[in-house]
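K.L.:
A single structure is presented below for examination.
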Amino acid sequence: MSRARREAFLSGLFDAAVAAADPKVTLAGHLPKPPKGRTIVVGAGKGAAQLAQAFERLWPGPLEGVVVTRYGYAAPCARIKVMEAAHPVPDAAGLDAAQALKAAVTGLGPDDLVVALVCGGGSSLLPDPPEGLALADLQALNEALLASGAPISVMNDIRKRFSGINGGRLAELAAPAQVCNLIVSDVPGDDPREVASGPTVPGRPSAAEVQALVKSRGIALPDRLMAHLAAQDPDAATPTDTRVSTQIIASAAISLEAAAQAARAQGVNAWVMSDRIEGEARDVAQVHAALALQAADTGIPFPAPFVMLSGGETTVTLRHKGRGGRNAEFQLALSLALEGSDGITALAADTDGIDGSEDNAGAFADGTTTTRMRAAGIDPAAMLQGNNAFTAFKGIDALFMTGPTGTNVNDFRAILIGDI
């Protein structure tokens, strides 16, 4: 079977995973009861515009509101304003968006309803520096966190102490209105407090807890940020809020199962390993490669052909300033571990269509990838060391390109053992 056919099969599984998180499908069964008063829609994330568009079409009554998404990810809405801002490092447009969301929920009454459409990417899209800090400080914060290799849950917990909107603060501002959270989860374990740093979900760590996280992870935050953290009440409790209801409407678990069903429909067994894998991308790749090679040799847990599926969110500790993303880095490390093997083909991609800061969703890899790179004058080991996986895969035309998908349920990995 040709490499093109194996890659097409894996692309089809990715499409099935993304389709399972399509807002037009996922929102329909989770609409709240229309209120006596106004319906205000707010939202943030890389799929927020598509969520808003689907909500407009499904909602039976009047509504208004504003959502923010990444540049280039907008979708036309008739009644909900769509704003765009920078991701993953925030910009001035994000400041404007944060203020617009805060204004939208200010002055509401007990008969009003706030519907929050939240998905991954919202942390960077809603910069709202507290008193004493500025946008430049939040940009420095994001750059430090992105370079740290810390899990997304740790990064988002730290962000909450440097925001006037995250950690449930937007929901607090909406009082006494009711708040209904409809969330597309992109975090391992699907804790709604961690998606987009939880602007409308109560729950944030204390300053003392964040100080401990920064210290234990060895994260180098600028002095201004450390001083701001030290000046906060170290043990301030997060207020509870019974006005807020929360539903996860799409997640990696749901999407991986959809991909598994798509594989089985084609006569290929599927093993969903986990939807919450975290860790350094190159280390996670080593484990996946070992499992794939053993499965190819032993036929356990299934005889070929079968596909291994996993999700979650790996991280990359930046050692050099190359071009890449966590899925491309995973694939480059996987390629080195699979070098010379036969009958194993892999796709790793971000379900939002963007792997890190580049324009690819991910990349394809198999046992010939590194050989093809060397034939093109590319040293795959050096590229991995330099965090330059995007460049390596681009050099052999093995990038996986989808454009914005309109949703975000985090990483998607599929490894096919055998031919179909």
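Labeling convention for the structure tokens: chains A, B, ... as they appear, residues from 1 per chain, ligands from 1 in order of appearance.
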Taking only stretch 309-357 of chain A into account, list the residues labelled strand (DSSP E or B) by DSSP (computed from the backbone), as a PyMOL selection string.

P.N.:
chain A and resi 309-315+344-350

K.L.:
Find the residues near stretch 114-121 of chain A: any atom within 7 Å, counting only C-alpha atoms, skip ones fewer than 3 places away on the same chain, and give them as number ranges by chain.

P.N.:
A: 39-48, 51, 124-125, 177-186, 195-196, 408

K.L.:
Between A:Leu31, A:Leu347, A:Phe302, A:Arg70, which has the minimum distance to A:Ala49 (counting only C-alpha atoms)?

P.N.:
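Looking at the shortest contact to A:Ala49, the residue is A:Arg70.
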
K.L.:
Could the residues of stretch 290-382 of chain A that have an atom at most 9 Å from stretch 238-259 of chain A be listed as CSV, each with its closest atom pair and the distance in Å to one decimal, counting only C-alpha atoms and ordered by chain and ascending residue number?

P.N.:
```
residue,atom,partner,partner_atom,distance
A:Leu309,CA,A:Leu256,CA,6.8
A:Ser310,CA,A:Leu256,CA,7.1
A:Gly311,CA,A:Ala252,CA,6.2
A:Gly312,CA,A:Ala252,CA,7.1
```

K.L.:
Kindly save the residues from that selection, with N, CA and C atoms included, as a PDB file, in the first residue's frame.

P.N.:
```
ATOM      1  N   LEU A 309      -4.558   5.373  18.885  1.00  0.00           N
ATOM      2  CA  LEU A 309      -5.053   6.745  18.961  1.00  0.00           C
ATOM      3  C   LEU A 309      -4.763   7.322  20.342  1.00  0.00           C
ATOM      4  N   SER A 310      -4.360   8.584  20.379  1.00  0.00           N
ATOM      5  CA  SER A 310      -4.172   9.238  21.670  1.00  0.00           C
ATOM      6  C   SER A 310      -4.382  10.738  21.531  1.00  0.00           C
ATOM      7  N   GLY A 311      -4.671  11.368  22.661  1.00  0.00           N
ATOM      8  CA  GLY A 311      -4.852  12.814  22.693  1.00  0.00           C
ATOM      9  C   GLY A 311      -4.245  13.377  23.964  1.00  0.00           C
ATOM     10  N   GLY A 312      -4.531  14.625  24.228  1.00  0.00           N
ATOM     11  CA  GLY A 312      -3.942  15.311  25.363  1.00  0.00           C
ATOM     12  C   GLY A 312      -3.191  16.536  24.877  1.00  0.00           C
TER      13      GLY A 312
END
```

K.L.:
I want to know what sits within 9 Å of A:Gly362, based on only C-alpha atoms, with residues of the same chain fewer than 5 positions away left out; could you give that as a PyMOL selection string?

P.N.:
chain A and resi 325-328+331+347-350+353-355+390+398-401

K.L.:
Next, write the just-selected residues to a file, as a PDB file, in the first residue's frame, keeping N, CA and C atoms as the atom set.

P.N.:
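Contents of part-v3.pdb, freshly written:
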```pdb
ATOM      1  N   GLY A 325       6.268  23.132  16.296  1.00  0.00           N
ATOM      2  CA  GLY A 325       5.157  23.038  17.219  1.00  0.00           C
ATOM      3  C   GLY A 325       5.265  21.701  17.911  1.00  0.00           C
ATOM      4  N   ARG A 326       4.412  21.488  18.919  1.00  0.00           N
ATOM      5  CA  ARG A 326       4.571  20.274  19.708  1.00  0.00           C
ATOM      6  C   ARG A 326       4.273  19.011  18.908  1.00  0.00           C
ATOM      7  N   ASN A 327       3.339  19.086  17.956  1.00  0.00           N
ATOM      8  CA  ASN A 327       3.019  17.890  17.170  1.00  0.00           C
ATOM      9  C   ASN A 327       4.103  17.573  16.155  1.00  0.00           C
ATOM     10  N   ALA A 328       4.670  18.594  15.530  1.00  0.00           N
ATOM     11  CA  ALA A 328       5.778  18.355  14.615  1.00  0.00           C
ATOM     12  C   ALA A 328       6.990  17.829  15.376  1.00  0.00           C
ATOM     13  N   GLN A 331       6.468  14.243  16.100  1.00  0.00           N
ATOM     14  CA  GLN A 331       6.660  13.432  14.901  1.00  0.00           C
ATOM     15  C   GLN A 331       8.129  13.287  14.525  1.00  0.00           C
ATOM     16  N   LEU A 347       0.264  10.119  12.097  1.00  0.00           N
ATOM     17  CA  LEU A 347      -0.152  11.516  11.962  1.00  0.00           C
ATOM     18  C   LEU A 347      -0.303  12.088  13.363  1.00  0.00           C
ATOM     19  N   ALA A 348       0.295  13.244  13.586  1.00  0.00           N
ATOM     20  CA  ALA A 348       0.080  13.994  14.825  1.00  0.00           C
ATOM     21  C   ALA A 348      -0.266  15.416  14.434  1.00  0.00           C
ATOM     22  N   ALA A 349      -1.363  15.935  14.997  1.00  0.00           N
ATOM     23  CA  ALA A 349      -1.829  17.259  14.589  1.00  0.00           C
ATOM     24  C   ALA A 349      -2.667  17.875  15.694  1.00  0.00           C
ATOM     25  N   ASP A 350      -2.748  19.197  15.676  1.00  0.00           N
ATOM     26  CA  ASP A 350      -3.619  19.917  16.594  1.00  0.00           C
ATOM     27  C   ASP A 350      -4.979  20.064  15.935  1.00  0.00           C
ATOM     28  N   GLY A 353      -6.130  23.089  13.873  1.00  0.00           N
ATOM     29  CA  GLY A 353      -5.533  23.355  12.569  1.00  0.00           C
ATOM     30  C   GLY A 353      -4.219  24.099  12.614  1.00  0.00           C
ATOM     31  N   ILE A 354      -3.755  24.464  13.797  1.00  0.00           N
ATOM     32  CA  ILE A 354      -2.504  25.211  13.936  1.00  0.00           C
ATOM     33  C   ILE A 354      -1.632  24.539  14.985  1.00  0.00           C
ATOM     34  N   ASP A 355      -0.440  24.125  14.589  1.00  0.00           N
ATOM     35  CA  ASP A 355       0.507  23.498  15.500  1.00  0.00           C
ATOM     36  C   ASP A 355       1.480  24.559  15.995  1.00  0.00           C
ATOM     37  N   PHE A 390       9.265  21.948  12.186  1.00  0.00           N
ATOM     38  CA  PHE A 390       8.490  22.454  11.049  1.00  0.00           C
ATOM     39  C   PHE A 390       9.363  22.507   9.802  1.00  0.00           C
ATOM     40  N   ALA A 398       6.057  16.947   4.052  1.00  0.00           N
ATOM     41  CA  ALA A 398       5.314  16.032   4.915  1.00  0.00           C
ATOM     42  C   ALA A 398       4.495  16.760   5.974  1.00  0.00           C
ATOM     43  N   LEU A 399       4.322  18.061   5.802  1.00  0.00           N
ATOM     44  CA  LEU A 399       3.462  18.795   6.724  1.00  0.00           C
ATOM     45  C   LEU A 399       1.995  18.454   6.466  1.00  0.00           C
ATOM     46  N   PHE A 400       1.193  18.494   7.510  1.00  0.00           N
ATOM     47  CA  PHE A 400      -0.246  18.265   7.400  1.00  0.00           C
ATOM     48  C   PHE A 400      -0.935  19.611   7.539  1.00  0.00           C
ATOM     49  N   MET A 401      -1.588  20.052   6.478  1.00  0.00           N
ATOM     50  CA  MET A 401      -2.182  21.386   6.417  1.00  0.00           C
ATOM     51  C   MET A 401      -3.697  21.263   6.320  1.00  0.00           C
TER      52      MET A 401
END
```

K.L.:
Listing only residues of stretch 111-209 of chain A within 8 Å of stretch 274-277 of chain A, what is the closest atom pair and its distance in Å (to one decimal) for each, using only C-alpha atoms, sorted by chain and residue number ascending, as a Markdown table?

P.N.:
```
| residue | atom | partner | partner_atom | distance |
| --- | --- | --- | --- | --- |
| A:Val187 | CA | A:Arg276 | CA | 7.6 |
| A:Pro188 | CA | A:Arg276 | CA | 4.1 |
| A:Gly189 | CA | A:Arg276 | CA | 5.9 |
```

K.L.:
What is the distance between atom CA of A:Gly203 and atom CA of A:Ala230, in Å to one decimal?

P.N.:
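Atom CA of A:Ala230 lies 19.9 Å from atom CA of A:Gly203.
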
K.L.:
Can you pull out the residues contacting stretch 153-166 of chain A? Cut-off 6 Å, using only C-alpha atoms, and skip same-chain residues under 6 positions away; I want them as a list of chain:residue names.

P.N.:
A:Asp128, A:Pro129, A:Pro130, A:Glu194, A:Ser197, A:Gly198, A:Pro199, A:Val210

K.L.:
Show which residues sit within 6 Å of A:Ile80, as a PyMOL selection string. Count only C-alpha atoms, and ignore same-chain residues fewer than 4 positions away.

P.N.:
chain A and resi 64-66

K.L.:
Could you take the residues named above and write them with N, CA and C atoms, as a PDB file, in the first residue's frame?

P.N.:
```pdb
ATOM      1  N   GLU A  64     -27.668  38.915  22.066  1.00  0.00           N
ATOM      2  CA  GLU A  64     -26.621  39.865  21.689  1.00  0.00           C
ATOM      3  C   GLU A  64     -25.346  39.408  22.363  1.00  0.00           C
ATOM      4  N   GLY A  65     -24.221  39.996  21.971  1.00  0.00           N
ATOM      5  CA  GLY A  65     -22.993  39.616  22.643  1.00  0.00           C
ATOM      6  C   GLY A  65     -21.752  39.842  21.817  1.00  0.00           C
ATOM      7  N   VAL A  66     -20.632  39.299  22.309  1.00  0.00           N
ATOM      8  CA  VAL A  66     -19.335  39.494  21.671  1.00  0.00           C
ATOM      9  C   VAL A  66     -18.424  38.314  21.997  1.00  0.00           C
TER      10      VAL A  66
END
```

K.L.:
Closest to A:Gly132 among A:Arg57, A:His228, A:Lys36, A:Arg204, using only C-alpha atoms?

P.N.:
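Using only C-alpha atoms, A:Gly132 sits closest to A:His228.
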
K.L.:
When distances are computed from only C-alpha atoms, which of A:Leu138, A:Ala285, A:Ile415, A:Leu126 shows the smallest separation from A:Phe9?

P.N.:
A:Ile415

K.L.:
To one decimal place in Å, what is the distance between atom CA of A:Asp352 and atom CA of A:Thr369?

P.N.:
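Separation of atom CA of A:Asp352 and atom CA of A:Thr369: 24.6 Å.
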
K.L.:
Write out as a PyMOL selection string the residues lying within 12 Å of A:Val287, counting only C-alpha atoms and excluding same-chain residues fewer than 5 positions away.

P.N.:
chain A and resi 273+277-282+292-294+310+330+333-334+337-338

K.L.:
In terms of the shortest atom-to-atom distance over only C-alpha atoms, which of A:Ala361, A:Gly109, A:Ala376, A:Pro90 is closest to A:Gly37?

P.N.:
A:Gly109

K.L.:
Taking only C-alpha atoms into account, name the residue in A:Phe306, A:Leu58, A:Asp233, A:Leu135 that is nearest to A:Arg264.

P.N.:
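Nearest candidate to A:Arg264 out of A:Phe306, A:Leu58, A:Asp233, A:Leu135: A:Phe306.
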
K.L.:
For the structure I just gave you, how does DSSP split stretch 186-339 of chain A - specifically, which residues are alpha helix (DSSP H)? Reply as a ChimeraX atom specification.

P.N.:
/A:207-217,223-231,252-265,281-298,326-338

K.L.:
Output the selection as a JSON list (two decimals), in the first residue's frame - C-alpha atoms for each residue.

P.N.:
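Okay, this is what ended up in part-v7.json:
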```json
[["chain", "number", "residue", "atom", "x", "y", "z"],
["A", 207, "ALA", "CA", -1.09, 33.51, 45.24],
["A", 208, "ALA", "CA", 0.86, 31.21, 47.55],
["A", 209, "GLU", "CA", -0.04, 28.19, 45.41],
["A", 210, "VAL", "CA", 1.08, 29.98, 42.25],
["A", 211, "GLN", "CA", 4.35, 31.03, 43.88],
["A", 212, "ALA", "CA", 4.95, 27.37, 44.71],
["A", 213, "LEU", "CA", 4.18, 26.33, 41.11],
["A", 214, "VAL", "CA", 6.60, 28.89, 39.69],
["A", 215, "LYS", "CA", 9.34, 27.77, 42.07],
["A", 216, "SER", "CA", 8.83, 24.02, 41.64],
["A", 217, "ARG", "CA", 8.80, 24.29, 37.83],
["A", 223, "ASP", "CA", 10.85, 40.65, 38.43],
["A", 224, "ARG", "CA", 7.76, 42.85, 37.91],
["A", 225, "LEU", "CA", 5.53, 39.78, 37.75],
["A", 226, "MET", "CA", 7.12, 38.19, 40.80],
["A", 227, "ALA", "CA", 6.69, 41.45, 42.72],
["A", 228, "HIS", "CA", 3.01, 41.61, 41.73],
["A", 229, "LEU", "CA", 2.53, 38.03, 42.90],
["A", 230, "ALA", "CA", 4.27, 38.69, 46.21],
["A", 231, "ALA", "CA", 2.05, 41.71, 46.88],
["A", 252, "ALA", "CA", -10.70, 14.83, 23.12],
["A", 253, "ALA", "CA", -12.34, 11.69, 24.53],
["A", 254, "ILE", "CA", -15.42, 12.15, 22.35],
["A", 255, "SER", "CA", -13.36, 12.95, 19.26],
["A", 256, "LEU", "CA", -10.96, 10.04, 19.70],
["A", 257, "GLU", "CA", -13.88, 7.64, 20.00],
["A", 258, "ALA", "CA", -15.33, 9.08, 16.77],
["A", 259, "ALA", "CA", -11.99, 8.46, 15.06],
["A", 260, "ALA", "CA", -11.93, 4.90, 16.44],
["A", 261, "GLN", "CA", -15.41, 4.27, 15.06],
["A", 262, "ALA", "CA", -14.34, 5.62, 11.66],
["A", 263, "ALA", "CA", -11.39, 3.20, 11.64],
["A", 264, "ARG", "CA", -13.52, 0.23, 12.64],
["A", 265, "ALA", "CA", -16.00, 1.07, 9.88],
["A", 281, "ALA", "CA", 6.74, 15.89, 23.14],
["A", 282, "ARG", "CA", 9.97, 14.09, 22.28],
["A", 283, "ASP", "CA", 9.67, 11.84, 25.36],
["A", 284, "VAL", "CA", 6.03, 11.01, 24.65],
["A", 285, "ALA", "CA", 7.10, 10.12, 21.11],
["A", 286, "GLN", "CA", 9.61, 7.58, 22.41],
["A", 287, "VAL", "CA", 6.88, 5.79, 24.36],
["A", 288, "HIS", "CA", 4.50, 5.78, 21.38],
["A", 289, "ALA", "CA", 7.25, 4.44, 19.11],
["A", 290, "ALA", "CA", 8.07, 1.61, 21.53],
["A", 291, "LEU", "CA", 4.42, 0.60, 21.74],
["A", 292, "ALA", "CA", 4.00, 0.73, 17.96],
["A", 293, "LEU", "CA", 7.12, -1.33, 17.28],
["A", 294, "GLN", "CA", 6.12, -3.95, 19.84],
["A", 295, "ALA", "CA", 2.60, -4.12, 18.44],
["A", 296, "ALA", "CA", 3.97, -4.57, 14.92],
["A", 297, "ASP", "CA", 6.17, -7.45, 16.13],
["A", 298, "THR", "CA", 3.71, -9.24, 18.43],
["A", 326, "ARG", "CA", 4.57, 20.27, 19.71],
["A", 327, "ASN", "CA", 3.02, 17.89, 17.17],
["A", 328, "ALA", "CA", 5.78, 18.36, 14.61],
["A", 329, "GLU", "CA", 8.37, 17.88, 17.37],
["A", 330, "PHE", "CA", 6.58, 14.71, 18.48],
["A", 331, "GLN", "CA", 6.66, 13.43, 14.90],
["A", 332, "LEU", "CA", 10.34, 14.23, 14.39],
["A", 333, "ALA", "CA", 11.28, 12.32, 17.54],
["A", 334, "LEU", "CA", 8.94, 9.50, 16.50],
["A", 335, "SER", "CA", 10.59, 9.38, 13.06],
["A", 336, "LEU", "CA", 14.02, 8.90, 14.60],
["A", 337, "ALA", "CA", 12.71, 6.12, 16.84],
["A", 338, "LEU", "CA", 10.94, 4.37, 13.92]]
```

K.L.:
Show which residues sit within 8 Å of A:Met308, as a PyMOL selection string. Count only C-alpha atoms, and ignore same-chain residues fewer than 4 positions away.

P.N.:
chain A and resi 270-273+292+413-417

K.L.:
How would the residues just chosen look if you wrote them out with N, CA and C atoms as a short mmCIF file (atom, residue, chain, number, x, y, z; two decimals), in the first residue's frame?

P.N.:
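The new file part.cif reads:
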```
data_model
loop_
_atom_site.label_atom_id
_atom_site.label_comp_id
_atom_site.auth_asym_id
_atom_site.auth_seq_id
_atom_site.Cartn_x
_atom_site.Cartn_y
_atom_site.Cartn_z
N ALA A 270 -9.09 -0.39 16.41
CA ALA A 270 -8.59 0.86 16.98
C ALA A 270 -8.40 0.72 18.48
N TRP A 271 -7.30 1.27 18.96
CA TRP A 271 -6.99 1.28 20.39
C TRP A 271 -6.85 2.73 20.84
N VAL A 272 -7.83 3.20 21.63
CA VAL A 272 -7.73 4.55 22.19
C VAL A 272 -6.89 4.44 23.46
N MET A 273 -5.64 4.84 23.36
CA MET A 273 -4.70 4.68 24.46
C MET A 273 -5.05 5.59 25.64
N ALA A 292 4.31 1.05 19.35
CA ALA A 292 4.00 0.73 17.96
C ALA A 292 4.91 -0.38 17.44
N ARG A 413 -3.36 12.16 17.79
CA ARG A 413 -2.28 11.30 17.29
C ARG A 413 -2.86 9.97 16.85
N ALA A 414 -2.50 9.54 15.64
CA ALA A 414 -2.95 8.28 15.11
C ALA A 414 -1.76 7.56 14.47
N ILE A 415 -1.50 6.33 14.91
CA ILE A 415 -0.39 5.55 14.39
C ILE A 415 -0.95 4.27 13.82
N LEU A 416 -0.82 4.10 12.51
CA LEU A 416 -1.35 2.93 11.81
C LEU A 416 -0.25 1.86 11.73
N ILE A 417 -0.58 0.66 12.20
CA ILE A 417 0.33 -0.48 12.11
C ILE A 417 -0.22 -1.42 11.06
#
```
